[in-house]
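Undergrad: Just passing along the structure, written as structure tokens.
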Number of protein chains: 2
Amino acid sequence: MQLDELRKAARKIFDAAVRAVDAAAAVRRHLRREDSRLRVGQETLDLGDVRQIVVVGCGKAAAPMAAAVEDVLADRIRRGVVVTKYGHVQPTRVIRIHEAGHPVPDEAGVAGTRAILDHVRGLGPKDLVLVLISGGGSALTPAPVDGILLSEKQALTKSLLACGADIREINTLRKHISRVKGGQLARAAQPARVVALILSDIVGDPLDAIASGPTVPDPTTFADALRILDKYRIRGEVPATVRARLEAGTRGEVPETPKPEDPLFARVHNLIVGSNIQALEAARSEAHALGLTPLILSSSIEGETREIARMHAALAREVRTSGNPVTPPACLISGGETTVTLRGSGKGGRNQEFVLAAALDIAGLPDTVILSAGTDGTDGPTDAAGAIADGETCGRALALGLNPRAALDGNDAYPFFEKLGDLILTGPTNTNVMDVRLVLAG
Amino acid sequence: MQLDELRKAARKIFDAAVRAVDAAAAVRRHLRREDSRLRVGQETLDLGDVRQIVVVGCGKAAAPMAAAVEDVLADRIRRGVVVTKYGHVQPTRVIRIHEAGHPVPDEAGVAGTRAILDHVRGLGPKDLVLVLISGGGSALTPAPVDGILLSEKQALTKSLLACGADIREINTLRKHISRVKGGQLARAAQPARVVALILSDIVGDPLDAIASGPTVPDPTTFADALRILDKYRIRGEVPATVRARLEAGTRGEVPETPKPEDPLFARVHNLIVGSNIQALEAARSEAHALGLTPLILSSSIEGETREIARMHAALAREVRTSGNPVTPPACLISGGETTVTLRGSGKGGRNQEFVLAAALDIAGLPDTVILSAGTDGTDGPTDAAGAIADGETCGRALALGLNPRAALDGNDAYPFFEKLGDLILTGPTNTNVMDVRLVLAG
């Protein structure tokens with residue numbers, strides 16, 4: 001396959017991957033109405049036994065998910081509200097789309113979360129709550145318990161980030177000062193039945209971490225939360241209201257988050273409707289249809305972007321030199337989400353940086369193409385989803401007076417690929433299952 | 001396959017990989033005597049046309065390579081000398097084993113290189129020079145041209161390293177102040193025929209870089225060498241003798257290294273007898289024989305060790321969760337050589353650090369084993385070749401009071417694995433084709 005064809009193939013494969021995890025399509029695939037029955041994943045509900053259906057949700061894909069639920073169940077939905085990021089709205093009929101701040105939570109998010117809780121309270125055992133969860137849901141639904149201000153919650157998060165606490169530790173704290181996170185939304189909806197449809201944006205699809213798990217049991221405790229503050233020696237510096245809440249929790253004066261053994265979870269069904277591996281599997285099908293031998297490496301790749309890029313480039317070289325791990329024409333596929341340690345002050349994102357680092361390592365390699373892009377259509381603080389490069393990219397860049405090594409050193413991939421015309425621009429995609437990376441060898 | 005069996009399988013697969021690239025076996029495989037003919041790779045020489053055979057060489061595997069050549073050609077070898085690292089000797093009959101300093105060159109190396117040059121001078125067109133090259137050969141054969149002291153050559157290397165010059169740039173300089181590097185050994189041996197048997201210890205097997213390519217054309221020039229000094233603004237600080245040599249070179253007052261178009265190379269045959277991919281292919285065969293589905297990822301993996309480890313761990317997780325890139329029981333195989341950016345002051349090596357970083361990412365994963373070790377039997381400044389870990393390693397370590405995260409942060413993998421009994425100890429292996437990494441999923 002010629003280089004030009006390979007580049008077109010790469011874009012087609014990426015588009016197919018994104019299509020496969022379209023949030024609305026993902027919901028429709030897992031929520032099917034068959035006469036008076038509702039199939040949710042592997043389970044079946046008799047709609048005749050359901051008194052009323054309430055829809056709530058949060059996340060960057062909340063609006064298309066809500067619209068898809070209406071397509072299936074519009075006549076049966078009594079009321080609904082979902083909280084999404086400003087500008088991520090779509091027309092709906094019954095379900096209200098509430099806009100709020102992301103990634104920095106705001107008072108609109110607090111109000112939206114209050115609306116969600118109001119929607120699920122006072123339901124009966126014959127009612128059904130559909131919860132639509134996608135990435136970004138945690139920041140979009142700040143719901144500090146009474147007595148803690150949003151600004152105090154933000155101060156806590158800032159302290160935890162500054163001392164190097166990891167995301168699991170931060171979530172433990174968040175869940176214990178929130179009214180919805182850590183399974184508390186599912187508890188608030190009792191005695192209604194709860195079905196959560198989840199679009200995963202976290203490596204490994206950990207249910208309790210996606211949007212901080214509002215419908216998922218929380219194995220962590222108030223004591224764990226205090227231990228984390230002590231571990232990083234920040235108990236003294238967090239807001240007094242937070243400290244008081246956690247200490248009251250350890251004394252049993254306020255209720256714990258619901259634990260895995262809580263019987264309420266017998267009435268809760270959490271279902272992943274879309275995740276990175278589904279996007280990769282669609283990429284595999286498309287690559288195969290285009291005459292390439294596909295190989296999925298992993299959907300859970302994390303780590304420092306430029307180093308992960310080097311390993312992908314090493315695989316590209318091996319395909320060319322020895323036909324391992326697959327013989328060309330081939331397409332290696334990987335997913336997950338890497339991180340970038342900023343060294344420069346340029347403009348870019350992890351996908352663009354990945355492609356730039358890989359381009360340096362495949363320079364001169366014939367008929368080799370690398371593409372990396374975010375399935376949500378955005379990559380860092382840019383309007384691009386990612387970028388595409390091949391073995392001639394660095395040569396072409398140098399001829400244009402661009403310095404690929406300097407661009408990488410300065411975390412400045414966006415202007416580099418912009419000038420080459422090699423940005424991947426998709427606009428909003430209505431989904432978010434992290435990134436897709438492709439290595440094509442013709 | 002049970003965890004215990006998997007661990008044993010991993011060790012067997014690594015041992016098979018090392019056996020396949022045994023330096024003596026590699027030489028014997030590529031140098032065969034059939035009656036009066038000598039087969040060297042794909043070529044055939046009529047020994048009746050050869051007047052005398054001289055053997056020279058350098059590198060950490062020089063002694064076993066010399067012994068193997070004697071096994072094939074002992075009665076025909078007129079004289080020989082190879083330079084190897086102190087303590088890496090083996091009994092030979094005709095070929096003299098000369099010991100010298102590595103990685104820091106010493107005067108013994110200077111004397112050894114002089115002996116090599118003496119051996120190949122004054123030969124005729126019917127003579128054959130066999131050159132045995134392996135990793136470490138460059139440092140073992142310091143041969144600064146007349147007027148430059150070994151200490152001045154060392155000062156040059158130190159300046160280049162300090163300013164961040166890459167290995168290609170350093171080699172360009174080295175070749176232009178040396179009497180053997182950059183094809184000059186092949187030129188010194190003219191008009192004799194030259195056959196070089198090369199055991200590759202560099203990613204991608206670049207002939208001109210292994211031992212600084214004593215038998216390989218050098219595309220770089222004196223002008224390139226000066227440009228590098230100017231690029232890093234160190235022309236003023238390098239020894240005056242070095243500067244004078246390079247400037248004389250640009251004026252044509254001293255001969256250039258031989259270039260690719262030089263007709264002398266029609267009489268030179270460079271043959272890779274062992275390289276990382278051969279080790280990986282042997283690992284593949286052994287894994288298959290043990291009932292595992294093998295997959296070679298790449299033989300040319302470089303990059304920051306802990307990040308490369310994370311990607312291997314991500315592949316291990318994917319094998320378990322979705323059966324990609326291969327279904328268990330499986331064995332993923334990779335090679336090359338990663339680097340470690342030192343953060344702590346502990347004891348370890350890149351392979352031990354790789355296994356420790358991977359162990360953290362596979363903690364809790366059932367029936368998963370990771371092994372990484374150097375084919376030369378050494379890993380960093382330790383007596384171990386590498387280490388082995390599984391999904392239970394971190395739990396076992398914590399129970400023993402060891403902190404895997406702290407050990408990784410401190411680059412202190414050796415005592416960690418020593419206490420667990422999980423170091424891979426092989427002793428000297430008589431070969432050196434970089435590292436082999438294995439990911440087994442039972």
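Following the order of the structure tokens, first chain is A, next is B, and so on, with residues numbered from 1 inside each chain and ligands from 1 in the order they appear.
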Determine which residues of stretch 214-326 of chain B receive a DSSP assignment of alpha helix (DSSP H), computed from the backbone, and state them as a ChimeraX atom specification.
TA: /B:222-231,240-250,276-289,305-322
Undergrad: Give me the residues near stretch 41-49 of chain A as a list of chain:residue names, where near means some atom within 6 Å (using only C-alpha atoms) and where sequence neighbours in that chain fewer than 4 positions away do not count.
TA: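 Near stretch 41-49 of chain A, the qualifying residues are A:His30, A:Ser36, A:Arg37.
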Undergrad: Could you write out as JSON, numbers by chain the residues of chain A within 6 Å of chain B, counting only C-alpha atoms?
TA: {"A": [296, 297, 298, 300, 301, 303, 307, 311, 314, 315, 318, 324, 325]}
Undergrad: Generate the output file for the selected residues, C-alpha atoms, as a PDB file, in the first residue's frame.
TA:
```
ATOM      1  CA  ILE A 296      -4.625  -4.821  19.094  1.00  0.00           C
ATOM      2  CA  LEU A 297      -1.782  -4.200  21.547  1.00  0.00           C
ATOM      3  CA  SER A 298      -3.640  -2.896  24.602  1.00  0.00           C
ATOM      4  CA  SER A 300      -4.921   0.372  28.842  1.00  0.00           C
ATOM      5  CA  ILE A 301      -1.686   2.101  27.931  1.00  0.00           C
ATOM      6  CA  GLY A 303       2.765   6.461  30.952  1.00  0.00           C
ATOM      7  CA  GLU A 307       8.472   7.136  25.843  1.00  0.00           C
ATOM      8  CA  MET A 311       7.969   1.864  21.926  1.00  0.00           C
ATOM      9  CA  ALA A 314      10.138   0.346  17.761  1.00  0.00           C
ATOM     10  CA  LEU A 315       7.216  -1.916  16.885  1.00  0.00           C
ATOM     11  CA  GLU A 318      10.233  -4.403  13.686  1.00  0.00           C
ATOM     12  CA  ASN A 324       7.099  -9.160  13.886  1.00  0.00           C
ATOM     13  CA  PRO A 325       4.671  -8.941  15.586  1.00  0.00           C
TER      14      PRO A 325
END
```
Undergrad: Would you list the contacts of A:Ala330 as a PyMOL selection string, taking every protein, DNA or RNA residue within 6 Å and counting only C-alpha atoms, but skipping same-chain residues closer than 3 positions in sequence?
TA: chain A and resi 292-294+440-441
Undergrad: For A:Thr241, find every residue with an atom within 9 Å (counting only C-alpha atoms), except residues of its own chain fewer than 5 positions away, and show them as a list in words.
TA: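 Here the qualifying residues turn out to be Gly147, Ile148, Leu149, Glu152 and Leu246 of chain A.
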Undergrad: Those same residues, written as a PDB file, in the first residue's frame with C-alpha atoms?
TA:
```
ATOM      1  CA  GLY A 147     -21.609  22.856  55.822  1.00  0.00           C
ATOM      2  CA  ILE A 148     -18.821  22.511  53.235  1.00  0.00           C
ATOM      3  CA  LEU A 149     -18.509  25.219  50.617  1.00  0.00           C
ATOM      4  CA  GLU A 152     -13.458  24.471  50.498  1.00  0.00           C
ATOM      5  CA  LEU A 246     -14.295  13.377  58.310  1.00  0.00           C
TER       6      LEU A 246
END
```
Undergrad: Between atom CA of A:Gly401 and atom CA of B:Thr172, what is the distance in Å, rounded to a tenth?
TA: 25.3 Å
Undergrad: Per DSSP on the backbone, filter stretch 186-412 of chain A down to the residues in strand (DSSP E or B) and report them as a PyMOL selection string.
TA: chain A and resi 193-199+268-274+293-301+304+330-336+339+368-374+386-390
